[in-house]
Amino acid sequence: MAGFRSAHAAAEFWKDGVLRISTRGRYAVMALVELASREAAAPAPPAGRRKPPVSLAEIAASRLLSLAYLEQLFGPLRRAGIVTSTRGPGGGYRLVNPPEQITIATIIDAVEEPFLTRDEPASERQVAEAADRLWQELDRHVQHFLESVSLADVLHGRVGMARLARGRELPVIC
């Protein structure tokens, strides 16, 4: 997560006082929560074997998400090293690391386009730079928070407690 394109993009991101993550980011988090849940619920495999992968069709049906959309999301998640895939009958996806080691920031970064680009015309640059500092600081706080929450925290409903349990406090914005 690199920042905002403009003050307008930041305003849309925080529309109505609520943080707005794109559909890609929200669906990716929902799908990986479901994947982690299914992996945790799967029976222990025999010695020397791994739990079976989870199909995208199972995730799509369970979370009422589009299978085609999930297929688009899981490519970047695989390339980012968050999931691994198995092809063929009985194929699907597995988390590469335990949910405790996967942050929400990592998931969102894998599927989102970077927010911060300097696309203002040169004539607007001076005025925009003052506002840019605000959006960059806000972005830093959001990034810090998302880095403090793991997939396991979301799976187990510990989001509000996540950073406190790790002894991390978010800096106060004044």
# chains A, B, ... in the order shown; residues from 1 in each chain; ligands from 1

$ residues_around --residues "Arg94 of chain A" --least-positions-apart "6" --cutoff "10 Å" --atoms "only C-alpha atoms" --output "ChimeraX atom specification"
/A:32,35-36,38-39,50-55,78,82-86

$ write_last_selection --atoms "N, CA and C atoms" --output "PDB file, in the first residue's frame"
ATOM      1  N   LEU A  32      -9.306 -15.475   1.671  1.00  0.00           N
ATOM      2  CA  LEU A  32      -8.225 -16.090   2.451  1.00  0.00           C
ATOM      3  C   LEU A  32      -8.668 -16.443   3.863  1.00  0.00           C
ATOM      4  N   LEU A  35     -10.312 -19.705   3.213  1.00  0.00           N
ATOM      5  CA  LEU A  35      -9.283 -20.717   2.967  1.00  0.00           C
ATOM      6  C   LEU A  35      -8.632 -21.147   4.279  1.00  0.00           C
ATOM      7  N   ALA A  36      -8.273 -20.191   5.116  1.00  0.00           N
ATOM      8  CA  ALA A  36      -7.656 -20.499   6.410  1.00  0.00           C
ATOM      9  C   ALA A  36      -8.611 -21.289   7.293  1.00  0.00           C
ATOM     10  N   ARG A  38     -11.080 -23.278   6.320  1.00  0.00           N
ATOM     11  CA  ARG A  38     -11.216 -24.641   5.789  1.00  0.00           C
ATOM     12  C   ARG A  38      -9.965 -25.469   6.055  1.00  0.00           C
ATOM     13  N   GLU A  39      -8.803 -24.846   5.960  1.00  0.00           N
ATOM     14  CA  GLU A  39      -7.566 -25.577   6.273  1.00  0.00           C
ATOM     15  C   GLU A  39      -7.553 -25.993   7.741  1.00  0.00           C
ATOM     16  N   ARG A  50       0.018 -34.036   3.263  1.00  0.00           N
ATOM     17  CA  ARG A  50      -0.503 -32.700   3.561  1.00  0.00           C
ATOM     18  C   ARG A  50      -2.021 -32.705   3.485  1.00  0.00           C
ATOM     19  N   LYS A  51      -2.619 -31.722   4.119  1.00  0.00           N
ATOM     20  CA  LYS A  51      -4.067 -31.557   4.003  1.00  0.00           C
ATOM     21  C   LYS A  51      -4.390 -31.259   2.543  1.00  0.00           C
ATOM     22  N   PRO A  52      -5.560 -31.681   2.087  1.00  0.00           N
ATOM     23  CA  PRO A  52      -5.913 -31.421   0.684  1.00  0.00           C
ATOM     24  C   PRO A  52      -6.103 -29.930   0.428  1.00  0.00           C
ATOM     25  N   PRO A  53      -5.844 -29.501  -0.805  1.00  0.00           N
ATOM     26  CA  PRO A  53      -6.070 -28.086  -1.123  1.00  0.00           C
ATOM     27  C   PRO A  53      -7.560 -27.772  -1.132  1.00  0.00           C
ATOM     28  N   VAL A  54      -7.860 -26.497  -1.033  1.00  0.00           N
ATOM     29  CA  VAL A  54      -9.244 -26.018  -1.038  1.00  0.00           C
ATOM     30  C   VAL A  54      -9.512 -25.431  -2.424  1.00  0.00           C
ATOM     31  N   SER A  55     -10.596 -25.853  -3.037  1.00  0.00           N
ATOM     32  CA  SER A  55     -10.912 -25.346  -4.381  1.00  0.00           C
ATOM     33  C   SER A  55     -11.533 -23.954  -4.299  1.00  0.00           C
ATOM     34  N   ARG A  78      -0.863 -15.862  -5.503  1.00  0.00           N
ATOM     35  CA  ARG A  78       0.116 -16.930  -5.709  1.00  0.00           C
ATOM     36  C   ARG A  78       1.482 -16.327  -6.037  1.00  0.00           C
ATOM     37  N   ILE A  82       1.701 -15.945  -1.152  1.00  0.00           N
ATOM     38  CA  ILE A  82       0.742 -16.093  -0.055  1.00  0.00           C
ATOM     39  C   ILE A  82       0.051 -17.448  -0.123  1.00  0.00           C
ATOM     40  N   VAL A  83      -0.253 -17.898  -1.343  1.00  0.00           N
ATOM     41  CA  VAL A  83      -0.878 -19.201  -1.547  1.00  0.00           C
ATOM     42  C   VAL A  83      -0.061 -20.002  -2.555  1.00  0.00           C
ATOM     43  N   THR A  84      -0.288 -21.289  -2.529  1.00  0.00           N
ATOM     44  CA  THR A  84       0.288 -22.179  -3.537  1.00  0.00           C
ATOM     45  C   THR A  84      -0.859 -22.960  -4.151  1.00  0.00           C
ATOM     46  N   SER A  85      -0.695 -23.352  -5.398  1.00  0.00           N
ATOM     47  CA  SER A  85      -1.788 -24.041  -6.082  1.00  0.00           C
ATOM     48  C   SER A  85      -1.392 -25.459  -6.461  1.00  0.00           C
ATOM     49  N   THR A  86      -2.413 -26.290  -6.553  1.00  0.00           N
ATOM     50  CA  THR A  86      -2.276 -27.659  -7.043  1.00  0.00           C
ATOM     51  C   THR A  86      -3.268 -27.801  -8.182  1.00  0.00           C
TER      52      THR A  86
END

$ closest_residue --among "A:Leu134, A:Ala57, A:Leu155, A:Ile104" --to "Gly90 of chain A" --atoms "only C-alpha atoms"
A:Ala57

$ select_by_dssp --residues "segment 14-90 of chain A" --states "strand (DSSP E)" --output "MDAnalysis selection string"
chainID A and resid 83:86

$ write_last_selection --atoms "C-alpha atoms" --output "mmCIF file, in the first residue's frame"
data_model
loop_
_atom_site.group_PDB
_atom_site.id
_atom_site.type_symbol
_atom_site.label_atom_id
_atom_site.label_comp_id
_atom_site.auth_asym_id
_atom_site.auth_seq_id
_atom_site.Cartn_x
_atom_site.Cartn_y
_atom_site.Cartn_z
ATOM 1 C CA VAL A 83 -0.878 -19.201 -1.547
ATOM 2 C CA THR A 84 0.288 -22.179 -3.537
ATOM 3 C CA SER A 85 -1.788 -24.041 -6.082
ATOM 4 C CA THR A 86 -2.276 -27.659 -7.043
#

$ closest_residue --among "A:Gly91, A:Gly81, A:Pro45, A:Pro99" --to "Val29 of chain A" --atoms "only C-alpha atoms"
A:Pro99
